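A.B. asks: Input: one structure, supplied below.
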Amino acid sequence: MENLTHWKKAYLEQFKTRNYGRNLLRTPQEERLDAPNEECGIFGLYSQEDLDTFSLSQFGLFALQHRGQEACGISVMKGGKINNVKDEGLVLDVYKNIAEPENFMGNGVIGHTRYTTAGDKKKYNFQPFFAKNEYDQIILSIAHNGNLTNAMELRKEMEAEGVVFKATSDSEVILRLIQKNLDLGLRGAIKETMERIKGAYSVVGITRNKFFAFRDFHGIRPLVLGAMDEKTFVVASETAALDAVGAQYVRDLLPGEIVYTSENEEGLKSFLVKENCERQICAFEYIYFARPDSEMEGINVHEIREKSGEKIWEQAPVEADIVIGVPDSGVPAAIGFSKVSGIPFRPVLIKNRYIGRSFIVPTQEMRERIVNLKLNPIISEIKGKRVVIIDDSIVRGTTSKRLVKILKDAGVKEIHFRSVSPPIIAPCYLGIDTPSKDDLISANMSSEALRNYLGVDSLEFLSIENLAEILGSTRHCFGCFTEKYPVEKGENVGLFS
């Protein structure tokens, strides 16, 4: 047990100091195809006093880097004006290229780390999105995590009314709806927007003197509220970002809630657009997306992942010599599996911490060899052993098959594969970039056929019932496991991609 505690602490500590990838078996190109990819990360901070919003937003967004690595941007409220910067690349790279940091020190800031789920990868789709007045001054800026299901319908409607769009992202639909309705006041404009849009969305935003945030009626995408002091509020996708700026977690925003404040208002105001909304946060946040040191809806992510390992042992026990977890998100489940089974956990899959985001190689043969540069086993620990390998999920199956080959080449005697996610049988259109149903291996192959395809001695997926038990209820979005979603799929989903 002491050994397990040591590995658990080491695992959690790495996320506070470095930005690790999900699964180093995958090249960046494969990551997009063979994993349910991150949505985006959003961050917002407001104070009645001027702060170093440049540094604080950098810290907050760096803590959310795992949610999007394509682009980063911020909008800062400074002296009654909004200054905006956004560019391609990782958070620290984008900030490093900001020539005059003092222009981004004010009393309010919103920020975004981007992973493309709607809209193409052109710079005009980078966030935050902003709207200008007739004097070419920014008057409104927002950052959005999620996907709308009726974006094209609303866009066409507004274009017919003369509204000009600058990008192809559904996030701009939210911006233009708020802008269009500002004569109702900011809260009224947001309320009108929320009553028109459908889908999953968590949004932070600023005007030249106001700060706001709001969340969809099902709370599908996460959004948490924190405070640095009685005058300074923080909103972010995960509590890890609150920790990064020294804010205390207060609570999660409620589904259908708007929070807002300004220099003329005391404290943070709250308004529920719709009463008694049912929370249905994405279950995959706990399985895969969120940092293990974050909490969502009052639940610690690492504990959920560890419990998933415990539960899949109860569901499908097996005799073996060691348990290993696929770095990084499979490790806590492997720790949990080991704890209840008594089978020793060994971190024998070694990552190269200095691997680049990609190698430029011309042939498939050489691309295959990259795998062993990224992740390599300690052969002496596993040769001739019966091994339980635990991963967070199986999407297309190619990564899992490659891992099995690595272990077999290392001389493993038996391989028992455990996925702490139920079989993924349907794509997500509510903020996660997943392959089409044709490419989801569990949607097209039985478990026994998949076991044969992978070449393992046994294969088990965590059941939906056991996942719900671990999470404490069925009040979550299980759409990728059941093909039943909290929001009805619109006909124009994907038209922005």
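Ligands are numbered from 1 in the order shown, residues from 1 within each chain, and chains are lettered A, B, ... in the order they appear in the structure tokens.
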Hey, which bits of range 47-120 of chain A sit within 6 Å of range 236-245 of chain A, and for each residue what's the closest pair of atoms and how far apart in Å (one decimal), counting only C-alpha atoms, rows by chain and increasing number, as a tab-separated table?
C.D. replies:
```
residue	atom	partner	partner_atom	distance
A:Leu56	CA	A:Val245	CA	5.9
A:Phe59	CA	A:Ala244	CA	5.8
A:Gly60	CA	A:Ala241	CA	4.6
A:Ala63	CA	A:Ala241	CA	5.1
```
A.B. asks: Filtering to all heavy atoms, could you give me those residues as a CSV table (one decimal), in the first residue's frame?
C.D. replies:
```csv
chain,number,residue,atom,x,y,z
A,56,LEU,N,-1.7,36.4,-14.6
A,56,LEU,CA,-2.7,35.5,-14.0
A,56,LEU,C,-3.5,34.7,-15.1
A,56,LEU,O,-3.7,33.5,-14.9
A,56,LEU,CB,-3.8,36.4,-13.2
A,56,LEU,CG,-3.2,36.9,-11.9
A,56,LEU,CD1,-4.2,37.9,-11.3
A,56,LEU,CD2,-2.9,35.8,-10.9
A,59,PHE,N,-1.2,31.9,-16.2
A,59,PHE,CA,-1.2,30.8,-15.3
A,59,PHE,C,-2.4,30.0,-15.4
A,59,PHE,O,-2.4,28.7,-15.5
A,59,PHE,CB,-1.1,31.3,-13.9
A,59,PHE,CG,0.2,32.1,-13.6
A,59,PHE,CD1,0.2,32.9,-12.5
A,59,PHE,CD2,1.3,32.1,-14.4
A,59,PHE,CE1,1.4,33.7,-12.2
A,59,PHE,CE2,2.4,32.8,-14.1
A,59,PHE,CZ,2.5,33.6,-13.0
A,60,GLY,N,-3.6,30.6,-15.5
A,60,GLY,CA,-4.8,29.9,-15.6
A,60,GLY,C,-5.0,29.1,-16.9
A,60,GLY,O,-5.4,27.9,-16.9
A,63,ALA,N,-2.7,26.0,-17.0
A,63,ALA,CA,-3.3,24.9,-16.3
A,63,ALA,C,-4.4,24.2,-17.1
A,63,ALA,O,-4.8,23.1,-16.8
A,63,ALA,CB,-4.0,25.4,-15.0
```
A.B. asks: Please list as an NGL selection string every residue within 7 Å of Lys210 in chain A, counting only C-alpha atoms and excluding residues in the same chain fewer than 3 positions away.
C.D. replies: :A and (206-207 or 261-262)
A.B. asks: Quick one: everything within 9 Å of Ser393 in chain A, counting only C-alpha atoms, minus sequence neighbours fewer than 6 positions away in the same chain. Send it as a ChimeraX atom specification.
C.D. replies: /A:35-36,287-288,330,418-424,461
A.B. asks: May I have the residues from that selection written out with N, CA, C and O atoms, as a short mmCIF file (atom, residue, chain, number, x, y, z; two decimals), in the first residue's frame?
C.D. replies:
```cif
data_model
loop_
_atom_site.label_atom_id
_atom_site.label_comp_id
_atom_site.auth_asym_id
_atom_site.auth_seq_id
_atom_site.Cartn_x
_atom_site.Cartn_y
_atom_site.Cartn_z
N ALA A 35 -8.63 8.90 -30.65
CA ALA A 35 -8.96 9.29 -29.29
C ALA A 35 -10.09 10.31 -29.35
O ALA A 35 -10.19 11.06 -30.30
N PRO A 36 -10.94 10.33 -28.31
CA PRO A 36 -11.90 11.42 -28.23
C PRO A 36 -11.14 12.67 -27.78
O PRO A 36 -10.65 12.73 -26.66
N ILE A 287 -13.51 10.50 -17.04
CA ILE A 287 -12.75 9.36 -17.55
C ILE A 287 -11.44 9.80 -18.17
O ILE A 287 -10.39 9.18 -17.99
N TYR A 288 -11.46 10.95 -18.88
CA TYR A 288 -10.36 11.22 -19.79
C TYR A 288 -9.92 12.67 -19.84
O TYR A 288 -8.73 12.97 -19.79
N GLY A 330 -4.52 6.27 -17.83
CA GLY A 330 -4.80 4.92 -17.37
C GLY A 330 -4.14 4.59 -16.04
O GLY A 330 -4.47 3.57 -15.42
N ARG A 418 -8.10 -4.11 -19.99
CA ARG A 418 -9.26 -3.55 -19.31
C ARG A 418 -9.42 -2.08 -19.70
O ARG A 418 -8.49 -1.29 -19.57
N SER A 419 -10.61 -1.75 -20.18
CA SER A 419 -10.95 -0.36 -20.49
C SER A 419 -11.87 0.16 -19.40
O SER A 419 -12.91 -0.45 -19.12
N VAL A 420 -11.50 1.29 -18.76
CA VAL A 420 -12.35 1.83 -17.70
C VAL A 420 -13.37 2.82 -18.26
O VAL A 420 -13.94 3.64 -17.53
N SER A 421 -13.61 2.71 -19.55
CA SER A 421 -14.74 3.37 -20.20
C SER A 421 -15.62 2.29 -20.80
O SER A 421 -15.12 1.27 -21.28
N PRO A 422 -16.93 2.46 -20.79
CA PRO A 422 -17.78 1.55 -21.55
C PRO A 422 -17.44 1.62 -23.03
O PRO A 422 -16.76 2.56 -23.48
N PRO A 423 -17.88 0.67 -23.83
CA PRO A 423 -17.63 0.73 -25.28
C PRO A 423 -18.18 2.03 -25.88
O PRO A 423 -19.32 2.41 -25.61
N ILE A 424 -17.35 2.70 -26.67
CA ILE A 424 -17.77 3.95 -27.33
C ILE A 424 -18.42 3.56 -28.66
O ILE A 424 -17.75 3.08 -29.57
N PHE A 461 -14.75 -4.19 -20.72
CA PHE A 461 -15.06 -2.76 -20.62
C PHE A 461 -15.84 -2.53 -19.33
O PHE A 461 -16.69 -3.34 -18.96
#
```
A.B. asks: May I ask which of the residues A:Ala449, A:Gly267, A:Arg279, A:Phe289 is the closest one to Asp229 in chain A, counting only C-alpha atoms?
C.D. replies: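 Result for the nearest residue to Asp229 in chain A: A:Gly267.
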A.B. asks: Please run DSSP on the backbone and report, as a PyMOL selection string, all residues within range 277-396 of chain A that come out as helix (DSSP H, G or I).
C.D. replies: chain A and resi 284-289+301-315+331-341+364-374+379-382
A.B. asks: Tell me which of A:Asp50, A:Glu100, A:Glu314, A:Asp170 sits closest to Lys231 in chain A, counting only C-alpha atoms.
C.D. replies: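 The closest residue to Lys231 in chain A is A:Asp50.
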A.B. asks: Range 250-463 of chain A: which residues are strand (DSSP E) by DSSP, as a PyMOL selection string?
C.D. replies: chain A and resi 250-252+257-262+269-272+281-282+295-296+299-300+322-325+349-351+375-377+386-391+414-419+458-461
A.B. asks: Please produce a file of the residues just selected, as a compact mmCIF listing (two decimals), in the first residue's frame, where the atoms kept are N, CA and C atoms.
C.D. replies:
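Saved the output as result_5.txt:
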```
# COMPACT_ATOMS: atom_id res chain seq x y z
N VAL A 250 -15.40 27.97 -5.16
CA VAL A 250 -16.66 28.32 -4.51
C VAL A 250 -17.73 27.29 -4.85
N ARG A 251 -17.98 27.06 -6.15
CA ARG A 251 -18.97 26.09 -6.59
C ARG A 251 -18.91 25.98 -8.10
N ASP A 252 -19.65 25.01 -8.64
CA ASP A 252 -19.84 24.94 -10.09
C ASP A 252 -21.01 25.85 -10.46
N GLU A 257 -27.48 28.96 -15.65
CA GLU A 257 -27.17 30.11 -14.80
C GLU A 257 -26.32 31.14 -15.53
N ILE A 258 -26.59 32.41 -15.26
CA ILE A 258 -25.74 33.53 -15.67
C ILE A 258 -25.16 34.14 -14.41
N VAL A 259 -23.85 34.40 -14.38
CA VAL A 259 -23.25 35.21 -13.33
C VAL A 259 -22.64 36.44 -13.98
N TYR A 260 -22.68 37.57 -13.29
CA TYR A 260 -22.20 38.80 -13.90
C TYR A 260 -21.86 39.81 -12.81
N THR A 261 -21.00 40.76 -13.16
CA THR A 261 -20.64 41.82 -12.23
C THR A 261 -20.02 42.97 -13.01
N SER A 262 -19.85 44.09 -12.35
CA SER A 262 -19.21 45.26 -12.95
C SER A 262 -18.72 46.16 -11.83
N LYS A 269 -23.36 38.79 -9.17
CA LYS A 269 -24.79 38.54 -9.25
C LYS A 269 -25.06 37.23 -9.99
N SER A 270 -26.16 36.59 -9.65
CA SER A 270 -26.55 35.33 -10.29
C SER A 270 -27.99 35.41 -10.76
N PHE A 271 -28.23 34.79 -11.93
CA PHE A 271 -29.59 34.77 -12.47
C PHE A 271 -29.81 33.44 -13.17
N LEU A 272 -30.90 32.75 -12.82
CA LEU A 272 -31.24 31.48 -13.47
C LEU A 272 -32.24 31.75 -14.59
N ILE A 281 -23.62 16.61 -16.84
CA ILE A 281 -22.26 16.86 -17.29
C ILE A 281 -21.69 15.65 -18.01
N CYS A 282 -20.85 15.89 -18.98
CA CYS A 282 -20.23 14.84 -19.80
C CYS A 282 -19.45 13.86 -18.92
N GLU A 295 -11.57 19.09 -9.61
CA GLU A 295 -12.86 18.61 -9.11
C GLU A 295 -13.95 19.14 -10.01
N MET A 296 -14.95 18.30 -10.28
CA MET A 296 -16.09 18.70 -11.09
C MET A 296 -17.37 18.29 -10.39
N ILE A 299 -16.84 16.45 -7.27
CA ILE A 299 -16.25 15.11 -7.33
C ILE A 299 -14.80 15.22 -7.79
N ASN A 300 -13.88 14.61 -7.04
CA ASN A 300 -12.46 14.62 -7.41
C ASN A 300 -12.22 13.66 -8.57
N ILE A 322 1.30 -8.63 -12.71
CA ILE A 322 1.44 -7.19 -12.51
C ILE A 322 0.32 -6.44 -13.22
N VAL A 323 0.10 -5.21 -12.77
CA VAL A 323 -0.86 -4.31 -13.41
C VAL A 323 -0.10 -3.11 -13.92
N ILE A 324 -0.38 -2.69 -15.16
CA ILE A 324 0.23 -1.48 -15.69
C ILE A 324 -0.87 -0.60 -16.27
N GLY A 325 -0.65 0.70 -16.22
CA GLY A 325 -1.59 1.65 -16.78
C GLY A 325 -0.97 2.40 -17.93
N LEU A 349 5.80 1.28 -18.28
CA LEU A 349 5.76 1.93 -19.59
C LEU A 349 6.41 3.30 -19.43
N ILE A 350 7.57 3.48 -20.00
CA ILE A 350 8.39 4.67 -19.76
C ILE A 350 8.21 5.67 -20.90
N LYS A 351 7.88 6.90 -20.51
CA LYS A 351 7.65 7.96 -21.47
C LYS A 351 8.94 8.76 -21.71
N LEU A 375 7.20 5.73 -26.11
CA LEU A 375 6.82 4.89 -24.98
C LEU A 375 7.50 3.54 -25.14
N ASN A 376 8.20 3.15 -24.10
CA ASN A 376 8.95 1.91 -24.19
C ASN A 376 8.85 1.16 -22.86
N PRO A 377 8.69 -0.17 -22.90
CA PRO A 377 8.55 -0.91 -21.65
C PRO A 377 9.89 -1.30 -21.03
N ARG A 386 2.29 -12.43 -16.59
CA ARG A 386 0.89 -12.23 -16.96
C ARG A 386 0.54 -10.79 -16.57
N VAL A 387 0.15 -10.01 -17.56
CA VAL A 387 0.01 -8.57 -17.37
C VAL A 387 -1.44 -8.13 -17.57
N VAL A 388 -1.92 -7.27 -16.66
CA VAL A 388 -3.18 -6.57 -16.86
C VAL A 388 -2.83 -5.16 -17.32
N ILE A 389 -3.29 -4.77 -18.50
CA ILE A 389 -3.05 -3.43 -19.01
C ILE A 389 -4.36 -2.65 -18.95
N ILE A 390 -4.32 -1.46 -18.35
CA ILE A 390 -5.52 -0.67 -18.17
C ILE A 390 -5.39 0.65 -18.92
N ASP A 391 -6.39 0.93 -19.74
CA ASP A 391 -6.42 2.19 -20.49
C ASP A 391 -7.77 2.86 -20.24
N GLU A 414 0.96 -13.37 -20.87
CA GLU A 414 -0.47 -13.17 -21.08
C GLU A 414 -0.78 -11.68 -21.00
N ILE A 415 -1.79 -11.26 -21.77
CA ILE A 415 -2.22 -9.85 -21.72
C ILE A 415 -3.72 -9.82 -21.50
N HIS A 416 -4.12 -9.16 -20.44
CA HIS A 416 -5.53 -8.98 -20.11
C HIS A 416 -5.84 -7.49 -20.17
N PHE A 417 -6.64 -7.10 -21.14
CA PHE A 417 -6.90 -5.69 -21.41
C PHE A 417 -8.18 -5.24 -20.70
N ARG A 418 -8.10 -4.11 -19.99
CA ARG A 418 -9.26 -3.55 -19.31
C ARG A 418 -9.42 -2.08 -19.70
N SER A 419 -10.61 -1.75 -20.18
CA SER A 419 -10.95 -0.36 -20.49
C SER A 419 -11.87 0.16 -19.40
N SER A 458 -7.81 -11.71 -22.62
CA SER A 458 -9.16 -11.33 -22.20
C SER A 458 -9.32 -9.84 -22.39
N LEU A 459 -10.59 -9.43 -22.53
CA LEU A 459 -10.91 -8.02 -22.75
C LEU A 459 -12.20 -7.70 -22.02
N GLU A 460 -12.20 -6.62 -21.25
CA GLU A 460 -13.41 -6.19 -20.55
C GLU A 460 -13.51 -4.67 -20.57
N PHE A 461 -14.75 -4.19 -20.72
CA PHE A 461 -15.06 -2.76 -20.62
C PHE A 461 -15.84 -2.53 -19.33
```
